[in-house]
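Coordinates from my_file.cif are shown below (mmCIF, C-alpha atoms and all ligand atoms).
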data_query
loop_
_atom_site.group_PDB
_atom_site.id
_atom_site.type_symbol
_atom_site.label_atom_id
_atom_site.label_comp_id
_atom_site.auth_asym_id
_atom_site.auth_seq_id
_atom_site.Cartn_x
_atom_site.Cartn_y
_atom_site.Cartn_z
ATOM 1 C CA MET A 1 17.857 -13.831 -9.684
ATOM 2 C CA LYS A 2 17.617 -15.135 -6.149
ATOM 3 C CA LEU A 3 17.472 -12.563 -3.390
ATOM 4 C CA LYS A 4 20.386 -14.251 -1.712
ATOM 5 C CA ASP A 5 22.653 -13.539 -4.691
ATOM 6 C CA VAL A 6 21.482 -9.921 -4.783
ATOM 7 C CA VAL A 7 22.185 -9.543 -1.059
ATOM 8 C CA ASP A 8 25.681 -11.000 -1.489
ATOM 9 C CA LYS A 9 26.662 -9.114 -4.648
ATOM 10 C CA LEU A 10 25.345 -5.734 -3.479
ATOM 11 C CA GLU A 11 26.602 -6.324 0.052
ATOM 12 C CA LEU A 12 23.242 -5.606 1.631
ATOM 13 C CA LYS A 13 22.830 -5.984 5.357
ATOM 14 C CA VAL A 14 19.906 -8.196 6.355
ATOM 15 C CA LEU A 15 17.914 -6.607 9.199
ATOM 16 C CA THR A 16 14.891 -8.941 9.383
ATOM 17 C CA CYS A 17 13.574 -12.233 8.035
ATOM 18 C CA GLU A 18 16.791 -13.764 6.754
ATOM 19 C CA ASP A 19 14.724 -16.858 5.877
ATOM 20 C CA LYS A 20 13.128 -14.937 2.979
ATOM 21 C CA VAL A 21 16.316 -14.643 0.926
ATOM 22 C CA GLY A 22 15.411 -17.719 -1.106
ATOM 23 C CA ALA A 23 12.783 -15.677 -2.962
ATOM 24 C CA GLU A 24 13.158 -14.503 -6.530
ATOM 25 C CA VAL A 25 13.786 -10.800 -7.296
ATOM 26 C CA SER A 26 11.723 -9.669 -10.270
ATOM 27 C CA GLY A 27 13.201 -6.171 -10.484
ATOM 28 C CA GLY A 28 13.411 -3.029 -8.431
ATOM 29 C CA TYR A 29 11.411 0.084 -7.700
ATOM 30 C CA THR A 30 12.927 3.221 -6.231
ATOM 31 C CA SER A 31 10.583 5.723 -4.592
ATOM 32 C CA ASP A 32 9.879 7.435 -1.289
ATOM 33 C CA LEU A 33 6.198 8.033 -2.018
ATOM 34 C CA LEU A 34 4.025 5.265 -0.633
ATOM 35 C CA SER A 35 1.119 5.665 -3.044
ATOM 36 C CA ASP A 36 3.553 5.650 -5.952
ATOM 37 C CA VAL A 37 4.965 2.341 -4.744
ATOM 38 C CA MET A 38 1.438 1.006 -4.272
ATOM 39 C CA ALA A 39 0.598 2.016 -7.837
ATOM 40 C CA ASN A 40 3.748 1.153 -9.732
ATOM 41 C CA SER A 41 5.840 -1.504 -8.005
ATOM 42 C CA LYS A 42 5.514 -5.085 -9.223
ATOM 43 C CA GLU A 43 5.315 -8.371 -7.391
ATOM 44 C CA GLY A 44 8.785 -9.569 -6.386
ATOM 45 C CA ASN A 45 10.388 -6.130 -6.724
ATOM 46 C CA LEU A 46 12.998 -4.905 -4.292
ATOM 47 C CA TRP A 47 11.844 -1.528 -3.012
ATOM 48 C CA ILE A 48 14.634 1.001 -2.581
ATOM 49 C CA THR A 49 13.724 3.865 -0.247
ATOM 50 C CA LEU A 50 14.801 6.206 2.533
ATOM 51 C CA GLN A 51 11.522 5.788 4.418
ATOM 52 C CA THR A 52 12.120 4.017 7.720
ATOM 53 C CA HIS A 53 8.762 4.210 9.518
ATOM 54 C CA GLN A 54 6.493 1.245 10.087
ATOM 55 C CA ASN A 55 4.013 2.036 7.314
ATOM 56 C CA ILE A 56 6.481 0.746 4.711
ATOM 57 C CA VAL A 57 5.868 -2.793 5.961
ATOM 58 C CA ALA A 58 2.199 -2.874 4.944
ATOM 59 C CA VAL A 59 3.084 -1.523 1.493
ATOM 60 C CA ALA A 60 5.681 -4.257 0.915
ATOM 61 C CA LYS A 61 3.306 -6.899 2.171
ATOM 62 C CA LEU A 62 0.280 -5.721 0.196
ATOM 63 C CA LYS A 63 2.294 -5.554 -3.024
ATOM 64 C CA ASP A 64 4.144 -8.854 -2.492
ATOM 65 C CA LEU A 65 7.500 -7.118 -2.771
ATOM 66 C CA SER A 66 10.554 -9.302 -2.200
ATOM 67 C CA GLY A 67 12.099 -6.844 0.255
ATOM 68 C CA ILE A 68 12.811 -3.257 1.259
ATOM 69 C CA VAL A 69 16.276 -1.733 0.923
ATOM 70 C CA LEU A 70 16.938 1.216 3.226
ATOM 71 C CA VAL A 71 19.523 3.536 1.692
ATOM 72 C CA ASN A 72 22.288 5.741 3.150
ATOM 73 C CA GLU A 73 22.630 3.348 6.068
ATOM 74 C CA ARG A 74 19.338 4.567 7.448
ATOM 75 C CA GLN A 75 18.179 2.818 10.591
ATOM 76 C CA PRO A 76 14.582 1.593 10.654
ATOM 77 C CA ASP A 77 12.396 2.667 13.579
ATOM 78 C CA VAL A 78 12.089 0.068 16.316
ATOM 79 C CA ASP A 79 8.436 -0.618 15.492
ATOM 80 C CA THR A 80 9.343 -1.004 11.814
ATOM 81 C CA VAL A 81 11.667 -3.867 12.689
ATOM 82 C CA GLN A 82 9.041 -5.396 14.975
ATOM 83 C CA LYS A 83 6.320 -5.153 12.364
ATOM 84 C CA ALA A 84 8.528 -6.448 9.545
ATOM 85 C CA THR A 85 9.535 -9.423 11.665
ATOM 86 C CA ALA A 86 5.917 -10.155 12.596
ATOM 87 C CA GLU A 87 4.672 -9.787 9.018
ATOM 88 C CA GLY A 88 7.533 -11.652 7.385
ATOM 89 C CA VAL A 89 8.856 -8.692 5.415
ATOM 90 C CA LEU A 90 12.565 -8.717 4.572
ATOM 91 C CA LEU A 91 14.294 -5.471 5.560
ATOM 92 C CA LEU A 92 17.701 -4.760 4.055
ATOM 93 C CA GLN A 93 20.129 -1.899 4.438
ATOM 94 C CA THR A 94 22.878 -0.380 2.317
ATOM 95 C CA SER A 95 25.379 2.405 2.918
ATOM 96 C CA GLU A 96 24.905 3.548 -0.702
ATOM 97 C CA PRO A 97 22.500 6.313 -1.741
ATOM 98 C CA ALA A 98 19.377 5.391 -3.725
ATOM 99 C CA PHE A 99 20.842 6.359 -7.110
ATOM 100 C CA VAL A 100 23.904 4.163 -6.720
ATOM 101 C CA ILE A 101 22.184 1.097 -5.309
ATOM 102 C CA SER A 102 19.436 1.345 -7.928
ATOM 103 C CA GLY A 103 22.082 1.472 -10.659
ATOM 104 C CA LYS A 104 23.898 -1.519 -9.238
ATOM 105 C CA LEU A 105 20.687 -3.529 -8.939
ATOM 106 C CA TYR A 106 19.710 -2.586 -12.470
ATOM 107 C CA GLN A 107 23.047 -3.731 -13.784
ATOM 108 C CA LEU A 108 22.961 -6.944 -11.800
ATOM 109 C CA LEU A 109 19.457 -7.930 -12.914
ATOM 110 C CA GLY A 110 19.934 -6.710 -16.457
ATOM 111 C CA ALA A 111 23.123 -8.692 -17.017
ATOM 112 C CA MET B 1 -25.437 0.909 -2.235
ATOM 113 C CA ALA B 2 -28.059 -1.773 -1.680
ATOM 114 C CA GLU B 3 -27.052 -5.053 -0.100
ATOM 115 C CA GLU B 4 -26.937 -7.941 -2.491
ATOM 116 C CA ASN B 5 -26.990 -11.475 -1.257
ATOM 117 C CA GLY B 6 -23.441 -11.992 -0.172
ATOM 118 C CA LEU B 7 -21.203 -12.177 2.849
ATOM 119 C CA SER B 8 -20.347 -8.887 4.476
ATOM 120 C CA GLN B 9 -17.777 -8.053 7.079
ATOM 121 C CA VAL B 10 -17.300 -4.625 8.636
ATOM 122 C CA PHE B 11 -13.884 -3.302 9.712
ATOM 123 C CA GLU B 12 -13.350 -0.250 11.896
ATOM 124 C CA ILE B 13 -10.638 2.254 11.035
ATOM 125 C CA THR B 14 -9.419 4.899 13.475
ATOM 126 C CA GLY B 15 -8.307 8.320 12.270
ATOM 127 C CA LYS B 16 -4.744 9.515 12.971
ATOM 128 C CA ASP B 17 -3.705 6.051 14.110
ATOM 129 C CA PHE B 18 -0.642 5.674 11.884
ATOM 130 C CA GLY B 19 0.606 2.816 14.038
ATOM 131 C CA ARG B 20 -2.207 0.527 12.946
ATOM 132 C CA ALA B 21 -2.566 1.966 9.459
ATOM 133 C CA GLY B 22 -2.562 -0.745 6.830
ATOM 134 C CA THR B 23 -3.801 -3.521 9.114
ATOM 135 C CA ILE B 24 -7.319 -3.539 7.642
ATOM 136 C CA SER B 25 -6.159 -3.757 4.037
ATOM 137 C CA THR B 26 -3.658 -6.453 5.002
ATOM 138 C CA LYS B 27 -6.496 -8.375 6.668
ATOM 139 C CA ILE B 28 -8.686 -8.004 3.594
ATOM 140 C CA LYS B 29 -5.935 -9.312 1.377
ATOM 141 C CA GLU B 30 -5.546 -12.343 3.647
ATOM 142 C CA ILE B 31 -9.275 -13.062 3.547
ATOM 143 C CA LEU B 32 -9.331 -12.875 -0.249
ATOM 144 C CA GLN B 33 -6.283 -15.149 -0.460
ATOM 145 C CA GLU B 34 -7.885 -17.675 1.867
ATOM 146 C CA ILE B 35 -10.954 -18.021 -0.303
ATOM 147 C CA GLY B 36 -8.830 -18.361 -3.406
ATOM 148 C CA ILE B 37 -9.669 -15.202 -5.336
ATOM 149 C CA ASP B 38 -7.557 -14.654 -8.458
ATOM 150 C CA SER B 39 -4.278 -12.989 -7.464
ATOM 151 C CA ALA B 40 -4.574 -10.184 -10.031
ATOM 152 C CA VAL B 41 -7.948 -9.220 -8.553
ATOM 153 C CA ILE B 42 -6.529 -9.454 -5.030
ATOM 154 C CA ARG B 43 -3.727 -7.070 -5.941
ATOM 155 C CA ARG B 44 -6.202 -4.495 -7.230
ATOM 156 C CA ALA B 45 -8.452 -4.925 -4.184
ATOM 157 C CA ALA B 46 -5.454 -4.520 -1.882
ATOM 158 C CA ILE B 47 -4.477 -1.231 -3.516
ATOM 159 C CA ALA B 48 -8.028 0.136 -3.315
ATOM 160 C CA ALA B 49 -8.457 -0.961 0.303
ATOM 161 C CA TYR B 50 -5.082 0.431 1.349
ATOM 162 C CA GLU B 51 -5.592 3.857 -0.204
ATOM 163 C CA ALA B 52 -9.100 4.152 1.248
ATOM 164 C CA GLU B 53 -7.847 3.058 4.659
ATOM 165 C CA MET B 54 -4.952 5.530 4.551
ATOM 166 C CA ASN B 55 -7.256 8.400 3.626
ATOM 167 C CA ILE B 56 -9.366 7.709 6.705
ATOM 168 C CA VAL B 57 -6.238 7.535 8.853
ATOM 169 C CA MET B 58 -4.884 10.769 7.374
ATOM 170 C CA TYR B 59 -7.995 12.907 7.096
ATOM 171 C CA ALA B 60 -10.974 11.523 9.028
ATOM 172 C CA GLN B 61 -11.870 10.862 12.669
ATOM 173 C CA ARG B 62 -13.026 7.324 12.088
ATOM 174 C CA GLY B 63 -14.562 5.135 9.465
ATOM 175 C CA THR B 64 -15.594 1.680 8.382
ATOM 176 C CA LEU B 65 -14.667 -0.493 5.480
ATOM 177 C CA THR B 66 -17.259 -3.093 4.565
ATOM 178 C CA LEU B 67 -16.068 -6.019 2.507
ATOM 179 C CA THR B 68 -18.826 -7.843 0.661
ATOM 180 C CA LEU B 69 -18.295 -10.970 -1.358
ATOM 181 C CA THR B 70 -20.854 -12.085 -3.881
ATOM 182 C CA PRO B 71 -20.487 -14.897 -6.409
ATOM 183 C CA THR B 72 -19.564 -12.362 -9.060
ATOM 184 C CA ALA B 73 -17.837 -9.482 -7.304
ATOM 185 C CA ILE B 74 -15.901 -8.034 -4.411
ATOM 186 C CA ARG B 75 -17.329 -4.849 -2.967
ATOM 187 C CA LEU B 76 -15.534 -2.378 -0.738
ATOM 188 C CA ASP B 77 -17.800 0.228 0.833
ATOM 189 C CA VAL B 78 -15.857 2.805 2.772
ATOM 190 C CA ASP B 79 -17.576 5.408 4.944
ATOM 191 C CA ASP B 80 -16.005 7.920 7.257
ATOM 192 C CA GLU B 81 -16.868 10.650 9.719
ATOM 193 C CA GLY B 82 -14.560 13.505 8.955
ATOM 194 C CA PRO B 83 -14.115 16.836 7.212
ATOM 195 C CA GLY B 84 -15.459 15.565 3.895
ATOM 196 C CA ILE B 85 -14.233 16.808 0.529
ATOM 197 C CA GLU B 86 -15.304 20.220 -0.809
ATOM 198 C CA ASP B 87 -14.315 19.690 -4.411
ATOM 199 C CA ILE B 88 -14.349 16.026 -5.399
ATOM 200 C CA GLU B 89 -13.239 16.662 -8.951
ATOM 201 C CA LEU B 90 -10.132 18.426 -7.669
ATOM 202 C CA ALA B 91 -9.436 15.728 -5.079
ATOM 203 C CA MET B 92 -9.617 13.079 -7.812
ATOM 204 C CA GLN B 93 -6.856 14.763 -9.820
ATOM 205 C CA GLU B 94 -3.507 13.036 -9.607
ATOM 206 C CA GLY B 95 -1.111 15.203 -7.618
ATOM 207 C CA PHE B 96 -3.706 17.103 -5.595
ATOM 208 C CA SER B 97 -3.147 16.709 -1.883
ATOM 209 C CA THR B 98 -3.824 18.535 1.351
ATOM 210 C CA ALA B 99 -1.452 16.278 3.313
ATOM 211 C CA THR B 100 0.511 18.024 6.050
ATOM 212 C CA ASP B 101 4.297 18.437 5.931
ATOM 213 C CA GLU B 102 4.594 15.715 8.529
ATOM 214 C CA MET B 103 2.603 13.284 6.370
ATOM 215 C CA ARG B 104 4.640 14.213 3.294
ATOM 216 C CA GLU B 105 7.853 13.485 5.144
ATOM 217 C CA MET B 106 6.519 9.992 5.696
ATOM 218 C CA GLY B 107 5.905 9.609 1.977
ATOM 219 C CA PHE B 108 2.182 10.271 1.996
ATOM 220 C CA GLY B 109 0.585 13.055 0.008
ATOM 221 C CA ALA B 110 1.533 12.173 -3.559
ATOM 222 C CA GLY B 111 -2.096 12.823 -4.425
ATOM 223 C CA MET B 112 -2.276 9.384 -5.983
ATOM 224 C CA GLY B 113 -4.554 7.510 -3.578
ATOM 225 C CA LEU B 114 -7.985 8.357 -4.978
ATOM 226 C CA PRO B 115 -6.865 8.072 -8.629
ATOM 227 C CA ASN B 116 -5.307 4.690 -7.791
ATOM 228 C CA ILE B 117 -8.548 3.475 -6.239
ATOM 229 C CA ARG B 118 -10.471 4.445 -9.351
ATOM 230 C CA LYS B 119 -7.873 2.899 -11.677
ATOM 231 C CA ASN B 120 -8.078 -0.420 -9.869
ATOM 232 C CA SER B 121 -11.885 -0.577 -9.699
ATOM 233 C CA ASP B 122 -14.407 -1.882 -12.178
ATOM 234 C CA GLU B 123 -17.009 0.391 -10.614
ATOM 235 C CA PHE B 124 -16.128 3.423 -8.528
ATOM 236 C CA ALA B 125 -18.325 5.967 -6.772
ATOM 237 C CA ILE B 126 -17.379 8.720 -4.362
ATOM 238 C CA SER B 127 -19.619 11.111 -2.493
ATOM 239 C CA SER B 128 -18.983 13.516 0.309
ATOM 240 C CA THR B 129 -20.717 15.972 2.578
ATOM 241 C CA PRO B 130 -18.349 18.697 3.772
ATOM 242 C CA GLY B 131 -18.266 18.725 7.560
ATOM 243 C CA LYS B 132 -19.718 15.230 7.790
ATOM 244 C CA GLY B 133 -17.793 12.636 5.886
ATOM 245 C CA THR B 134 -16.917 10.782 2.732
ATOM 246 C CA SER B 135 -18.114 7.538 1.143
ATOM 247 C CA ILE B 136 -16.368 5.473 -1.476
ATOM 248 C CA ASP B 137 -17.911 2.425 -3.104
ATOM 249 C CA VAL B 138 -15.742 0.114 -5.134
ATOM 250 C CA VAL B 139 -16.672 -2.990 -7.098
ATOM 251 C CA LEU B 140 -14.213 -5.462 -8.533
ATOM 252 C CA ASN B 141 -15.699 -8.074 -10.824
ATOM 253 C CA LEU B 142 -14.681 -11.683 -10.485
ATOM 254 C CA ASN B 143 -14.419 -14.261 -13.256
ATOM 255 C CA GLN B 144 -13.110 -11.873 -15.818
ATOM 256 C CA VAL B 145 -9.712 -10.663 -16.767
ATOM 257 C CA ALA B 146 -9.204 -6.977 -16.189
ATOM 258 C CA GLU B 147 -6.001 -5.031 -16.972
HETATM 259 N N1 LIG A 201 -11.620 10.406 3.429
HETATM 260 C C1 LIG A 201 -11.275 11.666 3.178
HETATM 261 N N2 LIG A 201 -11.745 12.694 3.949
HETATM 262 C C2 LIG A 201 -11.405 13.963 3.681
HETATM 263 N N3 LIG A 201 -10.611 14.340 2.673
HETATM 264 C C3 LIG A 201 -10.128 13.381 1.873
HETATM 265 C C4 LIG A 201 -10.429 12.001 2.071
HETATM 266 N N4 LIG A 201 -9.819 11.279 1.103
HETATM 267 C C5 LIG A 201 -9.161 12.159 0.343
HETATM 268 N N5 LIG A 201 -9.345 13.424 0.783
HETATM 269 C C6 LIG A 201 -8.822 14.667 0.163
HETATM 270 O O1 LIG A 201 -8.480 14.384 -1.183
HETATM 271 C C7 LIG A 201 -7.081 14.631 -1.400
HETATM 272 C C8 LIG A 201 -6.532 13.629 -2.398
HETATM 273 O O2 LIG A 201 -6.575 12.318 -1.851
HETATM 274 P P1 LIG A 201 -5.585 11.208 -2.429
HETATM 275 O O3 LIG A 201 -5.781 9.973 -1.640
HETATM 276 O O4 LIG A 201 -5.759 11.110 -3.893
HETATM 277 O O5 LIG A 201 -4.148 11.822 -2.154
HETATM 278 P P2 LIG A 201 -3.391 12.047 -0.759
HETATM 279 O O6 LIG A 201 -4.053 11.234 0.301
HETATM 280 O O7 LIG A 201 -3.289 13.508 -0.521
HETATM 281 O O8 LIG A 201 -1.945 11.456 -1.076
HETATM 282 P P3 LIG A 201 -1.560 9.917 -1.273
HETATM 283 O O9 LIG A 201 -2.824 9.113 -1.267
HETATM 284 O O10 LIG A 201 -0.853 9.841 -2.590
HETATM 285 O O11 LIG A 201 -0.668 9.586 -0.123
HETATM 286 C C9 LIG A 201 -6.465 14.552 -0.021
HETATM 287 O O12 LIG A 201 -5.255 15.257 0.061
HETATM 288 C C10 LIG A 201 -7.565 15.157 0.840
HETATM 289 O O13 LIG A 201 -7.554 16.566 0.735
HETATM 290 MG MG MG A 202 -4.489 9.237 -0.036
#
Just give me the structure of the file as structure tokens.
Amino acid sequence: MKLKDVVDKLELKVLTCEDKVGAEVSGGYTSDLLSDVMANSKEGNLWITLQTHQNIVAVAKLKDLSGIVLVNERQPDVDTVQKATAEGVLLLQTSEPAFVISGKLYQLLGA
Amino acid sequence: MAEENGLSQVFEITGKDFGRAGTISTKIKEILQEIGIDSAVIRRAAIAAYEAEMNIVMYAQRGTLTLTLTPTAIRLDVDDEGPGIEDIELAMQEGFSTATDEMREMGFGAGMGLPNIRKNSDEFAISSTPGKGTSIDVVLNLNQVAE
């Protein structure tokens, strides 16, 4: 499914790199541990997390993730937004907690 | 490890500099992409480089990562000046971590970095002198399908 459709259907707020929403979402990975995401996320995954500091950008970039979804309406740090913009990493935000948004994404991609 | 005939490039990594953490591994990934290395190999190299870089940032004062490309392999030789590792076998166990609370809050300290480096390497060697530093040598073979 295209990222754009996921963003629309899950009502995600786009914080950076709106131009990346044409990409394909291959699935999702929900974790707040960076090494776990490095080890177990797959190319094209949407990463669902509560981490908001700038180190999440390198992880998304290194793993070719399609985007990062910040849960519970968490605000990214200023340098996270700067880095994501510079590196071309799509940052998204939801008011839902990780469990709920993961379930919705699972349902959407599974259907 | 001895130098083979190949192209080497040395990158400096500064300890405790979380702001720039990840820039070296990102750079290495870009270099490998530019020369057209197989994407599956790049992904494994990126994981190994990132985890080694992060360990220097988290635990050491400073270090270097040397990327060497030969016709048959990618080598990552990582050396740091830092506290070293007392018990390497323990440090290699998944889940073992001495990360501080502050690091854990940021999502570091799963104790997965070193095991991930080994998992993604075709050859892996680690050595350490407590009080001096740690060295990790990784080889990823080209022209063959791993995984
Ligand atoms: N370069 C290093 N210098 C000193 N100690 C190190 C170094 N690398 C690893 N260690 C020690 O080995 C432990 C395990 O490292 P490992 O990378 O597997 O996990 P971690 O860094 O604690 O957590 P994670 O990598 O999952 O964020 C560390 O907690 C630390 O005690
Ligand atoms: Mg580590």
How would you write as a count of residues only the residues that get within 6 Å of (-18.1, -4.3, 6.0) in the file's frame, counting all atoms listed in the file? 7
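Excluding A:Val69 itself and any same-chain residue fewer than 2 positions from it, the protein and nucleic acid residues within 7 Å of it, counting all atoms listed in the file, are A:Leu46, A:Trp47, A:Ile48, A:Thr49, A:Gly67, A:Val71, A:Leu91, A:Leu92, A:Gln93, A:Thr94.
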Centre, x/y/z edge lengths, axis-aligned box for stretch 97-111 of chain B with 3 Å per side, as lines of an AutoDock Vina configuration file:
center_x = 2.0
center_y = 14.1
center_z = 2.1
size_x = 17.7
size_y = 14.9
size_z = 19.0
Exactly which residues make up the result of the PyMOL selection byres (((not hetatm)) within 10 of (chain A and resi 202)) on this file, given as an mmCIF file with C-alpha atoms, in the coordinates of the input?
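So out23.cif came out as:
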data_model
loop_
_atom_site.group_PDB
_atom_site.id
_atom_site.type_symbol
_atom_site.label_atom_id
_atom_site.label_comp_id
_atom_site.auth_asym_id
_atom_site.auth_seq_id
_atom_site.Cartn_x
_atom_site.Cartn_y
_atom_site.Cartn_z
ATOM 1 C CA LEU A 34 4.025 5.265 -0.633
ATOM 2 C CA SER A 35 1.119 5.665 -3.044
ATOM 3 C CA TYR B 50 -5.082 0.431 1.349
ATOM 4 C CA GLU B 51 -5.592 3.857 -0.204
ATOM 5 C CA ALA B 52 -9.100 4.152 1.248
ATOM 6 C CA GLU B 53 -7.847 3.058 4.659
ATOM 7 C CA MET B 54 -4.952 5.530 4.551
ATOM 8 C CA ASN B 55 -7.256 8.400 3.626
ATOM 9 C CA ILE B 56 -9.366 7.709 6.705
ATOM 10 C CA VAL B 57 -6.238 7.535 8.853
ATOM 11 C CA MET B 58 -4.884 10.769 7.374
ATOM 12 C CA TYR B 59 -7.995 12.907 7.096
ATOM 13 C CA ALA B 91 -9.436 15.728 -5.079
ATOM 14 C CA PHE B 96 -3.706 17.103 -5.595
ATOM 15 C CA SER B 97 -3.147 16.709 -1.883
ATOM 16 C CA THR B 98 -3.824 18.535 1.351
ATOM 17 C CA ALA B 99 -1.452 16.278 3.313
ATOM 18 C CA PHE B 108 2.182 10.271 1.996
ATOM 19 C CA GLY B 109 0.585 13.055 0.008
ATOM 20 C CA ALA B 110 1.533 12.173 -3.559
ATOM 21 C CA GLY B 111 -2.096 12.823 -4.425
ATOM 22 C CA MET B 112 -2.276 9.384 -5.983
ATOM 23 C CA GLY B 113 -4.554 7.510 -3.578
ATOM 24 C CA LEU B 114 -7.985 8.357 -4.978
ATOM 25 C CA PRO B 115 -6.865 8.072 -8.629
ATOM 26 C CA ASN B 116 -5.307 4.690 -7.791
ATOM 27 C CA ILE B 117 -8.548 3.475 -6.239
#
Where does the PyMOL selection byres ((chain A and not hetatm) within 7 of (chain B)) land in this file, that is, which residues does it pick, as a ChimeraX atom specification? /A:32-36,38-39,51,55,58,62-63
Report as a PyMOL selection string the residues that result from applying the PyMOL selection byres (((chain A and resi 24) around 6) and not hetatm) to the structure here. chain A and resi 1-3+23+25
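If only C-alpha atoms and all ligand atoms are the atoms counted, then among B:Ala60, B:Ala73, B:Ile136, B:Ala40 the closest residue to ligand LIG 201 (chain A) is B:Ala60.
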Quick one: residues within 10 Å of B:Asp38, only C-alpha atoms, excluding same-chain residues fewer than 3 positions away - as a PyMOL selection string? chain B and resi 32-33+35+41-43+142-145
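Relative to atom CA of A:Asn72, atom CA of A:Ala98 is found at 7.5 Å.
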note - atom CA of A:Gly28 and atom CA of A:Asn45 are separated by 4.7 Å
Would you kindly return, as a list in words, each protein, DNA or RNA residue with an atom no farther than 7 Å from any atom of A:Thr80, considering all atoms listed in the file and excluding same-chain residues fewer than 4 positions away?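 The contact residues come out as His53, Gln54, Pro76 and Ala84 of chain A.
The residue that comes closest to ligand LIG 201 (chain A), out of B:Ser128, B:Glu102, B:Glu12, B:Pro71 and on the basis of all atoms listed in the file, is B:Ser128.
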Just give me the gap between atom N3 of ligand LIG 201 (chain A) and atom CA of B:Asn141 in Å, one decimal is fine. 26.7 Å
Skip A:Leu65 itself and residues of its chain fewer than 5 positions away, then list as a PyMOL selection string all residues within 6 Å of it, counting all atoms listed in the file. chain A and resi 43-45+60
Rank A:Leu108, A:Glu87, A:Val37, A:Leu12 by their smallest atom-to-atom distance to ligand LIG 201 (chain A), using all atoms listed in the file, and report the top residue only.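 Of the candidates, the smallest distance to ligand LIG 201 (chain A) is held by A:Val37.
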Excluding A:Ala86 and any residue of its chain fewer than 5 positions from it, enumerate the residues within 10 Å of it, using only C-alpha atoms, and give them as a list in words. Thr16, Cys17, Val57, Thr80 and Val81 of chain A
